[in-house]
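So this block is upload22.cif, mmCIF, C-alpha atoms:
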data_protein
loop_
_atom_site.group_PDB
_atom_site.id
_atom_site.type_symbol
_atom_site.label_atom_id
_atom_site.label_comp_id
_atom_site.auth_asym_id
_atom_site.auth_seq_id
_atom_site.Cartn_x
_atom_site.Cartn_y
_atom_site.Cartn_z
ATOM 1 C CA MET A 21 -31.501 20.104 38.462
ATOM 2 C CA HIS A 22 -29.781 17.485 40.613
ATOM 3 C CA MET A 23 -25.996 17.686 41.123
ATOM 4 C CA ALA A 24 -25.478 14.371 39.266
ATOM 5 C CA ASP A 25 -27.448 15.650 36.286
ATOM 6 C CA ARG A 26 -25.379 18.844 36.225
ATOM 7 C CA LYS A 27 -22.150 16.813 36.261
ATOM 8 C CA VAL A 28 -23.366 14.693 33.346
ATOM 9 C CA LYS A 29 -24.192 17.823 31.350
ATOM 10 C CA VAL A 30 -20.758 19.309 32.095
ATOM 11 C CA ILE A 31 -19.089 16.118 30.876
ATOM 12 C CA GLU A 32 -21.232 16.135 27.725
ATOM 13 C CA MET A 33 -20.243 19.755 27.064
ATOM 14 C CA GLU A 34 -16.533 19.004 27.529
ATOM 15 C CA ILE A 35 -16.704 16.018 25.181
ATOM 16 C CA ARG A 36 -18.495 18.173 22.626
ATOM 17 C CA VAL A 37 -15.768 20.840 22.835
ATOM 18 C CA LEU A 38 -13.110 18.189 22.262
ATOM 19 C CA ARG A 39 -15.006 17.040 19.180
ATOM 20 C CA TYR A 40 -15.106 20.677 18.018
ATOM 21 C CA PHE A 41 -11.365 20.997 18.593
ATOM 22 C CA LEU A 42 -10.621 17.805 16.630
ATOM 23 C CA ALA A 43 -12.856 18.924 13.767
ATOM 24 C CA ILE A 44 -10.935 22.218 13.426
ATOM 25 C CA ALA A 45 -7.609 20.369 13.620
ATOM 26 C CA ARG A 46 -8.778 18.006 10.874
ATOM 27 C CA GLU A 47 -10.508 20.550 8.605
ATOM 28 C CA GLY A 48 -7.847 23.257 9.002
ATOM 29 C CA SER A 49 -10.232 26.164 9.432
ATOM 30 C CA ILE A 50 -13.177 27.408 11.481
ATOM 31 C CA THR A 51 -15.260 27.783 8.313
ATOM 32 C CA ASN A 52 -14.819 24.188 7.154
ATOM 33 C CA ALA A 53 -15.227 22.761 10.654
ATOM 34 C CA ALA A 54 -18.400 24.765 11.287
ATOM 35 C CA GLU A 55 -19.866 23.471 8.022
ATOM 36 C CA PHE A 56 -18.945 19.905 8.922
ATOM 37 C CA LEU A 57 -20.376 20.196 12.447
ATOM 38 C CA HIS A 58 -23.486 22.154 11.416
ATOM 39 C CA VAL A 59 -22.802 24.911 13.957
ATOM 40 C CA THR A 60 -22.209 28.630 13.448
ATOM 41 C CA GLN A 61 -18.683 29.987 13.122
ATOM 42 C CA PRO A 62 -19.079 32.392 16.104
ATOM 43 C CA THR A 63 -20.195 29.498 18.316
ATOM 44 C CA LEU A 64 -17.206 27.412 17.274
ATOM 45 C CA SER A 65 -14.763 30.303 17.708
ATOM 46 C CA ARG A 66 -16.112 31.062 21.181
ATOM 47 C CA GLN A 67 -15.873 27.432 22.311
ATOM 48 C CA ILE A 68 -12.243 27.120 21.167
ATOM 49 C CA LYS A 69 -11.305 30.447 22.752
ATOM 50 C CA GLU A 70 -12.822 29.311 26.051
ATOM 51 C CA LEU A 71 -10.948 26.008 25.783
ATOM 52 C CA GLU A 72 -7.654 27.852 25.280
ATOM 53 C CA GLU A 73 -8.399 30.104 28.246
ATOM 54 C CA GLU A 74 -9.271 27.134 30.435
ATOM 55 C CA LEU A 75 -6.074 25.295 29.515
ATOM 56 C CA GLY A 76 -3.937 28.429 29.569
ATOM 57 C CA GLN A 77 -2.403 27.420 26.232
ATOM 58 C CA LYS A 78 -2.647 28.616 22.660
ATOM 59 C CA LEU A 79 -3.836 25.653 20.600
ATOM 60 C CA PHE A 80 -3.860 27.149 17.089
ATOM 61 C CA THR A 81 -1.895 29.686 15.074
ATOM 62 C CA ARG A 82 -4.489 31.570 13.097
ATOM 63 C CA GLY A 83 -3.894 32.606 9.496
ATOM 64 C CA SER A 84 -6.188 34.495 7.181
ATOM 65 C CA HIS A 85 -7.737 31.297 5.803
ATOM 66 C CA SER A 86 -6.331 28.504 7.954
ATOM 67 C CA MET A 87 -5.658 27.347 11.496
ATOM 68 C CA ASP A 88 -2.592 25.271 12.320
ATOM 69 C CA LEU A 89 -1.975 23.396 15.549
ATOM 70 C CA THR A 90 0.679 24.685 17.912
ATOM 71 C CA ALA A 91 2.955 22.248 19.750
ATOM 72 C CA GLU A 92 0.477 22.341 22.644
ATOM 73 C CA GLY A 93 -2.373 21.785 20.212
ATOM 74 C CA ARG A 94 -0.690 18.676 18.820
ATOM 75 C CA ILE A 95 -0.386 17.267 22.332
ATOM 76 C CA LEU A 96 -4.071 17.935 23.009
ATOM 77 C CA ARG A 97 -5.060 16.373 19.672
ATOM 78 C CA LYS A 98 -3.392 13.086 20.641
ATOM 79 C CA ARG A 99 -5.080 13.059 24.049
ATOM 80 C CA ALA A 100 -8.428 14.190 22.656
ATOM 81 C CA GLU A 101 -8.408 11.401 20.078
ATOM 82 C CA GLU A 102 -7.798 8.868 22.857
ATOM 83 C CA ILE A 103 -10.572 10.344 25.032
ATOM 84 C CA ILE A 104 -13.120 10.433 22.195
ATOM 85 C CA SER A 105 -12.190 6.897 21.168
ATOM 86 C CA MET A 106 -12.753 5.732 24.751
ATOM 87 C CA VAL A 107 -16.098 7.567 24.978
ATOM 88 C CA ASP A 108 -17.318 6.052 21.700
ATOM 89 C CA LYS A 109 -16.179 2.602 22.789
ATOM 90 C CA THR A 110 -17.959 2.918 26.152
ATOM 91 C CA GLU A 111 -21.189 4.108 24.542
ATOM 92 C CA ALA A 112 -21.084 1.164 22.141
ATOM 93 C CA GLU A 113 -20.570 -1.267 25.041
ATOM 94 C CA PHE A 114 -23.568 0.115 26.956
ATOM 95 C CA SER A 115 -25.693 -0.052 23.819
ATOM 96 C CA ALA A 116 -24.689 -3.683 23.345
ATOM 97 C CA MET A 117 -25.929 -4.537 26.860
ATOM 98 C CA GLU A 118 -29.456 -3.525 25.996
ATOM 99 C CA GLY A 119 -30.241 -6.453 23.736
ATOM 100 C CA GLU A 120 -28.756 -9.513 22.076
ATOM 101 C CA ILE A 121 -24.973 -9.814 22.208
ATOM 102 C CA SER A 122 -23.520 -7.226 19.865
ATOM 103 C CA GLY A 123 -20.940 -4.481 19.815
ATOM 104 C CA ASP A 124 -17.273 -3.956 19.091
ATOM 105 C CA ILE A 125 -14.171 -5.968 19.964
ATOM 106 C CA TYR A 126 -10.773 -4.277 19.730
ATOM 107 C CA ILE A 127 -7.683 -6.445 19.164
ATOM 108 C CA GLY A 128 -4.099 -5.278 18.687
ATOM 109 C CA GLY A 129 -0.897 -7.062 17.779
ATOM 110 C CA GLY A 130 2.100 -7.386 15.537
ATOM 111 C CA GLU A 131 2.202 -9.328 12.319
ATOM 112 C CA THR A 132 1.864 -13.057 12.956
ATOM 113 C CA ASP A 133 0.317 -16.057 11.234
ATOM 114 C CA ALA A 134 -1.209 -16.958 14.612
ATOM 115 C CA ILE A 135 -3.960 -14.453 13.842
ATOM 116 C CA ARG A 136 -5.526 -17.309 11.829
ATOM 117 C CA LEU A 137 -6.479 -19.080 15.075
ATOM 118 C CA ILE A 138 -8.026 -15.898 16.427
ATOM 119 C CA ALA A 139 -9.796 -15.198 13.143
ATOM 120 C CA ARG A 140 -11.367 -18.668 13.214
ATOM 121 C CA VAL A 141 -12.945 -17.981 16.607
ATOM 122 C CA ALA A 142 -14.017 -14.508 15.484
ATOM 123 C CA ARG A 143 -15.768 -15.980 12.445
ATOM 124 C CA GLU A 144 -17.608 -18.593 14.507
ATOM 125 C CA LEU A 145 -18.756 -16.000 17.045
ATOM 126 C CA GLN A 146 -19.897 -13.627 14.327
ATOM 127 C CA ARG A 147 -21.894 -16.420 12.744
ATOM 128 C CA ASP A 148 -23.870 -16.749 15.986
ATOM 129 C CA TYR A 149 -23.972 -13.010 16.724
ATOM 130 C CA PRO A 150 -23.820 -11.090 13.412
ATOM 131 C CA ASP A 151 -23.962 -7.687 15.130
ATOM 132 C CA ILE A 152 -20.489 -8.132 16.631
ATOM 133 C CA HIS A 153 -17.820 -6.109 14.840
ATOM 134 C CA TYR A 154 -14.040 -6.438 15.099
ATOM 135 C CA HIS A 155 -11.426 -3.690 15.001
ATOM 136 C CA LEU A 156 -7.799 -4.674 14.419
ATOM 137 C CA TYR A 157 -4.838 -2.482 15.366
ATOM 138 C CA SER A 158 -1.383 -3.378 14.019
ATOM 139 C CA GLY A 159 1.673 -2.280 15.929
ATOM 140 C CA ASN A 160 4.687 -3.447 17.910
ATOM 141 C CA ALA A 161 4.565 -4.520 21.553
ATOM 142 C CA ALA A 162 5.043 -0.982 22.909
ATOM 143 C CA ASP A 163 2.172 0.351 20.768
ATOM 144 C CA VAL A 164 -0.156 -2.476 21.741
ATOM 145 C CA THR A 165 0.533 -2.376 25.490
ATOM 146 C CA GLU A 166 0.121 1.413 25.552
ATOM 147 C CA ARG A 167 -3.310 1.120 23.971
ATOM 148 C CA LEU A 168 -4.248 -1.786 26.267
ATOM 149 C CA ASP A 169 -3.281 0.266 29.316
ATOM 150 C CA LYS A 170 -5.411 3.192 28.133
ATOM 151 C CA GLY A 171 -8.425 0.975 27.511
ATOM 152 C CA LEU A 172 -8.391 1.528 23.748
ATOM 153 C CA LEU A 173 -7.945 -2.203 23.102
ATOM 154 C CA ASP A 174 -9.712 -5.156 24.682
ATOM 155 C CA PHE A 175 -7.025 -7.686 23.786
ATOM 156 C CA GLY A 176 -3.476 -7.846 22.488
ATOM 157 C CA VAL A 177 -1.224 -10.437 20.858
ATOM 158 C CA LEU A 178 2.345 -10.245 22.196
ATOM 159 C CA LEU A 179 5.503 -12.133 21.332
ATOM 160 C CA GLN A 180 7.353 -13.833 24.161
ATOM 161 C CA PRO A 181 9.253 -12.774 26.167
ATOM 162 C CA ALA A 182 7.138 -9.867 27.361
ATOM 163 C CA ASP A 183 6.205 -8.221 30.645
ATOM 164 C CA PHE A 184 2.877 -9.772 31.642
ATOM 165 C CA SER A 185 2.757 -8.328 35.164
ATOM 166 C CA LYS A 186 -0.219 -6.093 34.314
ATOM 167 C CA TYR A 187 -2.060 -8.634 32.175
ATOM 168 C CA GLU A 188 -3.867 -11.919 32.181
ATOM 169 C CA CYS A 189 -2.855 -14.119 29.269
ATOM 170 C CA LEU A 190 -3.506 -17.228 27.236
ATOM 171 C CA ASN A 191 -0.690 -19.124 25.577
ATOM 172 C CA ILE A 192 -1.410 -19.297 21.834
ATOM 173 C CA PRO A 193 -0.793 -22.916 20.755
ATOM 174 C CA VAL A 194 1.511 -22.087 17.819
ATOM 175 C CA LYS A 195 4.985 -20.564 17.488
ATOM 176 C CA ASP A 196 6.422 -18.072 15.029
ATOM 177 C CA VAL A 197 9.646 -19.056 13.251
ATOM 178 C CA TRP A 198 12.438 -16.509 12.767
ATOM 179 C CA GLY A 199 14.434 -16.344 9.564
ATOM 180 C CA VAL A 200 15.567 -14.196 6.651
ATOM 181 C CA ILE A 201 13.523 -12.953 3.693
ATOM 182 C CA MET A 202 15.536 -12.445 0.506
ATOM 183 C CA ARG A 203 15.249 -12.405 -3.246
ATOM 184 C CA LYS A 204 15.202 -15.862 -4.836
ATOM 185 C CA ASP A 205 18.090 -14.865 -7.108
ATOM 186 C CA SER A 206 20.277 -14.104 -4.061
ATOM 187 C CA PRO A 207 23.284 -16.431 -3.582
ATOM 188 C CA LEU A 208 22.107 -16.940 0.005
ATOM 189 C CA ALA A 209 18.844 -18.437 -1.294
ATOM 190 C CA GLU A 210 20.788 -21.566 -2.227
ATOM 191 C CA LYS A 211 21.165 -22.345 1.472
ATOM 192 C CA GLU A 212 18.475 -24.248 3.363
ATOM 193 C CA VAL A 213 19.185 -22.461 6.651
ATOM 194 C CA ILE A 214 20.918 -19.230 7.638
ATOM 195 C CA ARG A 215 23.630 -19.158 10.299
ATOM 196 C CA ARG A 216 25.134 -16.300 12.284
ATOM 197 C CA GLU A 217 28.220 -16.019 10.108
ATOM 198 C CA ASP A 218 26.048 -15.679 6.990
ATOM 199 C CA LEU A 219 24.466 -12.487 8.334
ATOM 200 C CA LEU A 220 27.527 -10.465 9.363
ATOM 201 C CA PRO A 221 28.508 -9.167 5.890
ATOM 202 C CA LEU A 222 24.916 -8.537 4.718
ATOM 203 C CA PRO A 223 22.860 -5.308 4.583
ATOM 204 C CA LEU A 224 19.951 -6.099 6.889
ATOM 205 C CA LEU A 225 16.423 -4.800 7.426
ATOM 206 C CA CYS A 226 15.273 -5.284 11.022
ATOM 207 C CA SER A 227 12.164 -4.381 12.947
ATOM 208 C CA LYS A 228 12.637 -1.702 15.577
ATOM 209 C CA GLN A 229 11.733 -4.279 18.196
ATOM 210 C CA VAL A 230 14.613 -6.489 17.030
ATOM 211 C CA ILE A 231 17.166 -3.724 17.585
ATOM 212 C CA SER A 232 15.742 -2.570 20.914
ATOM 213 C CA GLN A 233 18.410 -1.636 23.422
ATOM 214 C CA ASP A 234 17.121 -4.086 26.037
ATOM 215 C CA HIS A 235 18.707 -7.273 24.692
ATOM 216 C CA ARG A 236 17.221 -9.273 27.572
ATOM 217 C CA MET A 237 13.822 -8.813 25.918
ATOM 218 C CA ASN A 238 15.193 -9.439 22.425
ATOM 219 C CA GLU A 239 15.132 -13.022 21.222
ATOM 220 C CA PHE A 240 17.039 -12.388 18.007
ATOM 221 C CA ALA A 241 19.810 -10.396 19.757
ATOM 222 C CA ASN A 242 20.208 -13.203 22.294
ATOM 223 C CA TRP A 243 20.303 -15.758 19.483
ATOM 224 C CA PHE A 244 22.991 -13.824 17.596
ATOM 225 C CA GLY A 245 25.180 -13.267 20.624
ATOM 226 C CA ARG A 246 28.001 -10.869 21.405
ATOM 227 C CA ASP A 247 28.566 -9.722 17.811
ATOM 228 C CA PHE A 248 25.017 -8.384 17.472
ATOM 229 C CA ASP A 249 26.250 -4.773 17.406
ATOM 230 C CA LYS A 250 28.457 -5.580 14.409
ATOM 231 C CA LEU A 251 25.465 -6.299 12.161
ATOM 232 C CA ASN A 252 25.028 -3.923 9.208
ATOM 233 C CA ILE A 253 21.439 -2.763 9.761
ATOM 234 C CA VAL A 254 20.639 -0.442 6.842
ATOM 235 C CA THR A 255 16.874 -0.144 7.349
ATOM 236 C CA THR A 256 14.422 -0.449 10.260
ATOM 237 C CA TYR A 257 10.702 -1.110 9.986
ATOM 238 C CA ASN A 258 7.603 -1.545 12.148
ATOM 239 C CA LEU A 259 5.534 -3.783 9.866
ATOM 240 C CA LEU A 260 6.863 -6.144 7.227
ATOM 241 C CA TYR A 261 4.816 -5.371 4.109
ATOM 242 C CA ASN A 262 6.819 -2.311 3.037
ATOM 243 C CA ALA A 263 10.074 -3.897 4.210
ATOM 244 C CA ALA A 264 9.439 -6.828 1.845
ATOM 245 C CA ILE A 265 9.109 -4.351 -1.032
ATOM 246 C CA MET A 266 12.483 -2.888 -0.029
ATOM 247 C CA VAL A 267 13.997 -6.391 -0.074
ATOM 248 C CA ASP A 268 12.498 -7.009 -3.515
ATOM 249 C CA SER A 269 14.103 -3.751 -4.676
ATOM 250 C CA GLY A 270 17.529 -4.989 -3.633
ATOM 251 C CA ILE A 271 18.028 -2.942 -0.453
ATOM 252 C CA GLY A 272 19.011 -5.925 1.655
ATOM 253 C CA TYR A 273 17.822 -8.942 3.626
ATOM 254 C CA ALA A 274 14.993 -8.772 6.175
ATOM 255 C CA ILE A 275 15.156 -10.468 9.563
ATOM 256 C CA ALA A 276 11.540 -11.492 9.982
ATOM 257 C CA ILE A 277 8.902 -13.997 11.023
ATOM 258 C CA ASP A 278 7.810 -16.675 8.542
ATOM 259 C CA LYS A 279 4.415 -16.606 6.770
ATOM 260 C CA ILE A 280 3.979 -12.818 6.926
ATOM 261 C CA ALA A 281 5.439 -11.656 3.609
ATOM 262 C CA ASN A 282 4.498 -13.354 0.350
ATOM 263 C CA THR A 283 7.189 -15.973 -0.320
ATOM 264 C CA SER A 284 5.030 -18.292 -2.424
ATOM 265 C CA ALA A 285 6.161 -19.972 -5.640
ATOM 266 C CA GLU A 286 4.876 -16.975 -7.622
ATOM 267 C CA SER A 287 6.807 -14.454 -5.508
ATOM 268 C CA SER A 288 10.313 -13.195 -6.229
ATOM 269 C CA LEU A 289 11.085 -13.576 -2.506
ATOM 270 C CA CYS A 290 11.861 -16.585 -0.340
ATOM 271 C CA PHE A 291 12.241 -17.343 3.368
ATOM 272 C CA ARG A 292 15.056 -19.283 5.000
ATOM 273 C CA PRO A 293 14.914 -20.194 8.729
ATOM 274 C CA LEU A 294 17.715 -19.480 11.156
ATOM 275 C CA GLU A 295 19.993 -22.259 12.380
ATOM 276 C CA PRO A 296 20.017 -22.982 15.286
ATOM 277 C CA ARG A 297 16.259 -22.691 14.963
ATOM 278 C CA LEU A 298 14.712 -19.671 16.676
ATOM 279 C CA GLU A 299 11.019 -19.737 17.552
ATOM 280 C CA ALA A 300 8.872 -17.198 19.358
ATOM 281 C CA GLY A 301 5.929 -18.091 21.550
ATOM 282 C CA LEU A 302 2.858 -15.874 21.564
ATOM 283 C CA ASN A 303 0.345 -14.808 24.156
ATOM 284 C CA PHE A 304 -3.166 -13.424 23.913
ATOM 285 C CA VAL A 305 -3.417 -10.834 26.701
ATOM 286 C CA TRP A 306 -5.887 -8.495 28.420
ATOM 287 C CA LYS A 307 -5.695 -6.183 31.426
ATOM 288 C CA LYS A 308 -6.123 -7.667 34.881
ATOM 289 C CA TYR A 309 -9.528 -7.173 36.552
ATOM 290 C CA PRO A 310 -11.236 -6.431 33.227
ATOM 291 C CA VAL A 311 -14.717 -5.045 32.722
ATOM 292 C CA PHE A 312 -15.616 -6.603 29.387
ATOM 293 C CA SER A 313 -18.562 -5.929 27.149
ATOM 294 C CA ALA A 314 -20.804 -8.948 26.600
ATOM 295 C CA ALA A 315 -19.269 -9.367 23.135
ATOM 296 C CA ALA A 316 -15.663 -9.265 24.380
ATOM 297 C CA GLY A 317 -16.439 -11.610 27.252
ATOM 298 C CA GLN A 318 -18.077 -14.131 24.941
ATOM 299 C CA PHE A 319 -15.159 -13.881 22.527
ATOM 300 C CA LEU A 320 -12.624 -14.610 25.292
ATOM 301 C CA GLU A 321 -14.554 -17.646 26.542
ATOM 302 C CA ARG A 322 -14.667 -19.123 23.047
ATOM 303 C CA LEU A 323 -10.982 -18.408 22.521
ATOM 304 C CA LYS A 324 -10.100 -20.201 25.767
ATOM 305 C CA LYS A 325 -12.089 -23.242 24.658
ATOM 306 C CA SER A 326 -10.523 -23.232 21.195
ATOM 307 C CA PHE A 327 -6.965 -22.994 22.520
ATOM 308 C CA ALA A 328 -7.622 -25.733 25.073
ATOM 309 C CA GLU A 329 -8.769 -28.072 22.297
ATOM 310 C CA ALA A 330 -5.846 -27.235 19.960
#

Produce structure tokens that represent the structure in this file.
Amino acid sequence: MHMADRKVKVIEMEIRVLRYFLAIAREGSITNAAEFLHVTQPTLSRQIKELEEELGQKLFTRGSHSMDLTAEGRILRKRAEEIISMVDKTEAEFSAMEGEISGDIYIGGGETDAIRLIARVARELQRDYPDIHYHLYSGNAADVTERLDKGLLDFGVLLQPADFSKYECLNIPVKDVWGVIMRKDSPLAEKEVIRREDLLPLPLLCSKQVISQDHRMNEFANWFGRDFDKLNIVTTYNLLYNAAIMVDSGIGYAIAIDKIANTSAESSLCFRPLEPRLEAGLNFVWKKYPVFSAAAGQFLERLKKSFAEA
């Protein structure tokens, strides 16, 4: 057997052991994992024991009928999930190269109405190439850039300002509008716009990104000014859906982007913009020097054309 072939087999074995490890972590026992994987329990036990010996760490605490992850095991689970996700993504990309354009495109971003522009291009591309599939990941800027850097996402949607030193980017030809989401029966709902002095006495719900310590990268903090630390922030959130439910329940007022939560005529909630007006630009980003699948490359070219025509 050639050296290259041996290396490939070693890699395949290591990936398989990681899949075994994740199955036990998910199923909670050797018995259940072995049944799921269609392997014998002794084989599975031996593989995990060898993995622990190789790493020099105990990965599970073993009970009579269950196996729980140790602190070291939880760390490995996170890394193993990332590795397996990358392997699956790479295999799908190679498969897509073998025939007509197909495969998976991974896009991450926060909540924004600008996703409509991206969705329009995705729909048109899928109409021409029905074997393309999209995977959306919702998270804040830190979550999205981490996954971009690890190769788990092809593209990200980031609010300005952001650090684009590691990325290529397209300016998305729309802007998000900042404001306050509140109940329609709130006294503040009688106002057409919300000013700084209106917010100081209120219980507020803010995204974690809004209250980040680096105010230089925080549009809302810069807008509010020196009294930002005096705001009564009673709740933080990552995504707005659950925060809007909290607002509807009377917890407080949410600092948020327009057109994300339901503030239609049928809703009990409404949106009022900030005054002076605060808008956020958006960028569609990807890592520099990318190696795209045919599907991702085609998607980016169509997006560039669509944005140029907007």

Practice problem: Please write as JSON, numbers by chain the full residue list that the PyMOL selection byres ((chain A and resi 201) around 7) yields on this file. | Solution: {"A": [199, 200, 202, 273, 274, 275, 276, 289, 290, 291, 292]}

Practice problem: Taking the file as shown, find all residues satisfying the PyMOL selection byres ((chain A and resi 296) around 10) and write them as a list in words. | Solution: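 After applying the PyMOL selection byres ((chain A and resi 296) around 10), what remains is Val213, Ile214, Arg215, Arg216, Trp243, Phe244, Pro293, Leu294, Glu295, Arg297, Leu298 and Glu299 of chain A.
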
Got time to write the residues from that selection, C-alpha atoms, as a compact mmCIF listing (two decimals), in the frame of the given file?
# COMPACT_ATOMS: atom_id res chain seq x y z
CA VAL A 213 19.18 -22.46 6.65
CA ILE A 214 20.92 -19.23 7.64
CA ARG A 215 23.63 -19.16 10.30
CA ARG A 216 25.13 -16.30 12.28
CA TRP A 243 20.30 -15.76 19.48
CA PHE A 244 22.99 -13.82 17.60
CA PRO A 293 14.91 -20.19 8.73
CA LEU A 294 17.72 -19.48 11.16
CA GLU A 295 19.99 -22.26 12.38
CA ARG A 297 16.26 -22.69 14.96
CA LEU A 298 14.71 -19.67 16.68
CA GLU A 299 11.02 -19.74 17.55

Practice problem: Determine the residue membership of the PyMOL selection byres ((chain A and resi 264) around 10) for the file above and supply it as a list in words. | Solution: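 Applying the PyMOL selection byres ((chain A and resi 264) around 10) to the structure shown produces Ile201, Met202, Arg203, Leu225, Leu259, Leu260, Tyr261, Asn262, Ala263, Ile265, Met266, Val267, Asp268, Ser269, Gly270, Ile271, Gly272, Tyr273, Ala274, Ala276, Ile280, Ala281, Asn282, Thr283 and Leu289 of chain A.
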
Practice problem: Would you mind reading off the distance between CA of Pro223 (chain A) and CA of Leu251 (chain A), one decimal, in Å? | Solution: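 Value for the CA of Pro223 (chain A)-CA of Leu251 (chain A) distance: 8.1 Å.
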
Self-check item: Interatomic distance, CA of Arg99 (chain A) to CA of Asp174 (chain A) (Å, one decimal)
Solution: 18.8 Å

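Nearest residue to Gly128 (chain A) among A:Arg167, A:Arg94, A:Arg39, A:Arg246 is A:Arg167, counting only C-alpha atoms.
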
Quiz item: Closest to Ala43 (chain A) among A:Phe175, A:Pro62, A:Ala100, A:Lys170, using all atoms listed in the file?
Solution: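 The shortest atom-to-atom distance to Ala43 (chain A) comes from A:Ala100.
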
Practice problem: Kindly provide, as a VMD selection string, the polymer residues lying within 7 Å of (0.7, -11.6, 22.5), counting all atoms listed in the file and using the coordinates exactly as they appear in the file. | Solution: chain A and resid 129 176 to 179 302 to 305

Exercise. Rounded to one decimal place, report the CA of Asp169 (chain A)-CA of Leu96 (chain A) distance in Å.
Key: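 Interatomic distance, CA of Asp169 (chain A) to CA of Leu96 (chain A): 18.8 Å.
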
Centre and edge lengths of an axis-aligned box around all listed atoms of region 78-88 of chain A, with 6 Å added on each side, are to be given in Å to one decimal, as lines of an AutoDock Vina configuration file.
center_x = -4.8
center_y = 29.9
center_z = 14.2
size_x = 17.8
size_y = 21.2
size_z = 28.9

Tell me, counting all atoms listed in the file, for each residue of region 56-167 of chain A within 12 Å of region 46-50 of chain A, which pair of atoms is nearest and how far apart they are in Å to one decimal, in rows ordered by chain and increasing number, as JSON lines.
{"residue": "A:Phe56", "atom": "CA", "partner": "A:Glu47", "partner_atom": "CA", "distance": 8.5}
{"residue": "A:Leu57", "atom": "CA", "partner": "A:Ile50", "partner_atom": "CA", "distance": 10.2}
{"residue": "A:His58", "atom": "CA", "partner": "A:Ile50", "partner_atom": "CA", "distance": 11.6}
{"residue": "A:Val59", "atom": "CA", "partner": "A:Ile50", "partner_atom": "CA", "distance": 10.2}
{"residue": "A:Thr60", "atom": "CA", "partner": "A:Ile50", "partner_atom": "CA", "distance": 9.3}
{"residue": "A:Gln61", "atom": "CA", "partner": "A:Ile50", "partner_atom": "CA", "distance": 6.3}
{"residue": "A:Pro62", "atom": "CA", "partner": "A:Ile50", "partner_atom": "CA", "distance": 9.0}
{"residue": "A:Thr63", "atom": "CA", "partner": "A:Ile50", "partner_atom": "CA", "distance": 10.0}
{"residue": "A:Leu64", "atom": "CA", "partner": "A:Ile50", "partner_atom": "CA", "distance": 7.1}
{"residue": "A:Ser65", "atom": "CA", "partner": "A:Ile50", "partner_atom": "CA", "distance": 7.0}
{"residue": "A:Arg66", "atom": "CA", "partner": "A:Ile50", "partner_atom": "CA", "distance": 10.8}
{"residue": "A:Gln67", "atom": "CA", "partner": "A:Ile50", "partner_atom": "CA", "distance": 11.2}
{"residue": "A:Ile68", "atom": "CA", "partner": "A:Ile50", "partner_atom": "CA", "distance": 9.7}
{"residue": "A:Lys69", "atom": "CA", "partner": "A:Ile50", "partner_atom": "CA", "distance": 11.8}
{"residue": "A:Phe80", "atom": "CA", "partner": "A:Gly48", "partner_atom": "CA", "distance": 9.8}
{"residue": "A:Thr81", "atom": "CA", "partner": "A:Gly48", "partner_atom": "CA", "distance": 10.7}
{"residue": "A:Arg82", "atom": "CA", "partner": "A:Ser49", "partner_atom": "CA", "distance": 8.7}
{"residue": "A:Gly83", "atom": "CA", "partner": "A:Ser49", "partner_atom": "CA", "distance": 9.0}
{"residue": "A:Ser84", "atom": "CA", "partner": "A:Ser49", "partner_atom": "CA", "distance": 9.5}
{"residue": "A:His85", "atom": "CA", "partner": "A:Ser49", "partner_atom": "CA", "distance": 6.8}
{"residue": "A:Ser86", "atom": "CA", "partner": "A:Ser49", "partner_atom": "CA", "distance": 4.8}
{"residue": "A:Met87", "atom": "CA", "partner": "A:Ser49", "partner_atom": "CA", "distance": 5.2}
{"residue": "A:Asp88", "atom": "CA", "partner": "A:Gly48", "partner_atom": "CA", "distance": 6.5}
{"residue": "A:Leu89", "atom": "CA", "partner": "A:Gly48", "partner_atom": "CA", "distance": 8.8}
{"residue": "A:Gly93", "atom": "CA", "partner": "A:Arg46", "partner_atom": "CA", "distance": 11.9}
{"residue": "A:Arg94", "atom": "CA", "partner": "A:Arg46", "partner_atom": "CA", "distance": 11.4}
{"residue": "A:Arg97", "atom": "CA", "partner": "A:Arg46", "partner_atom": "CA", "distance": 9.7}
{"residue": "A:Glu101", "atom": "CA", "partner": "A:Arg46", "partner_atom": "CA", "distance": 11.3}

Quiz prompt | Which of A:Ala182, A:Glu34, A:Ser288, A:Ile104 sits closest to Ala209 (chain A) [using only C-alpha atoms] | solution =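 Answer, going by the shortest atom-to-atom distance: A:Ser288.
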
Quiz item: Can you tell me, as JSON, numbers by chain, which residues sit within 8 Å of (-14.7, -6.1, 23.9) in the file's frame, using only C-alpha atoms?
Solution: {"A": [113, 123, 124, 125, 126, 173, 174, 175, 312, 313, 314, 315, 316, 317, 319]}

Quiz item: In terms of the shortest atom-to-atom distance over all atoms listed in the file, which of A:Ile44, A:Ser122, A:Pro221, A:Val107 is closest to Leu145 (chain A)?
Solution: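 Under the stated criterion, the closest residue is A:Ser122.
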
Quiz item: Nearest to Arg147 (chain A) among A:Trp198, A:Ile121, A:Glu55, A:Lys98, with distances taken over all atoms listed in the file: which residue is it?
Solution: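 That would be A:Ile121, the residue with the smallest distance to Arg147 (chain A).
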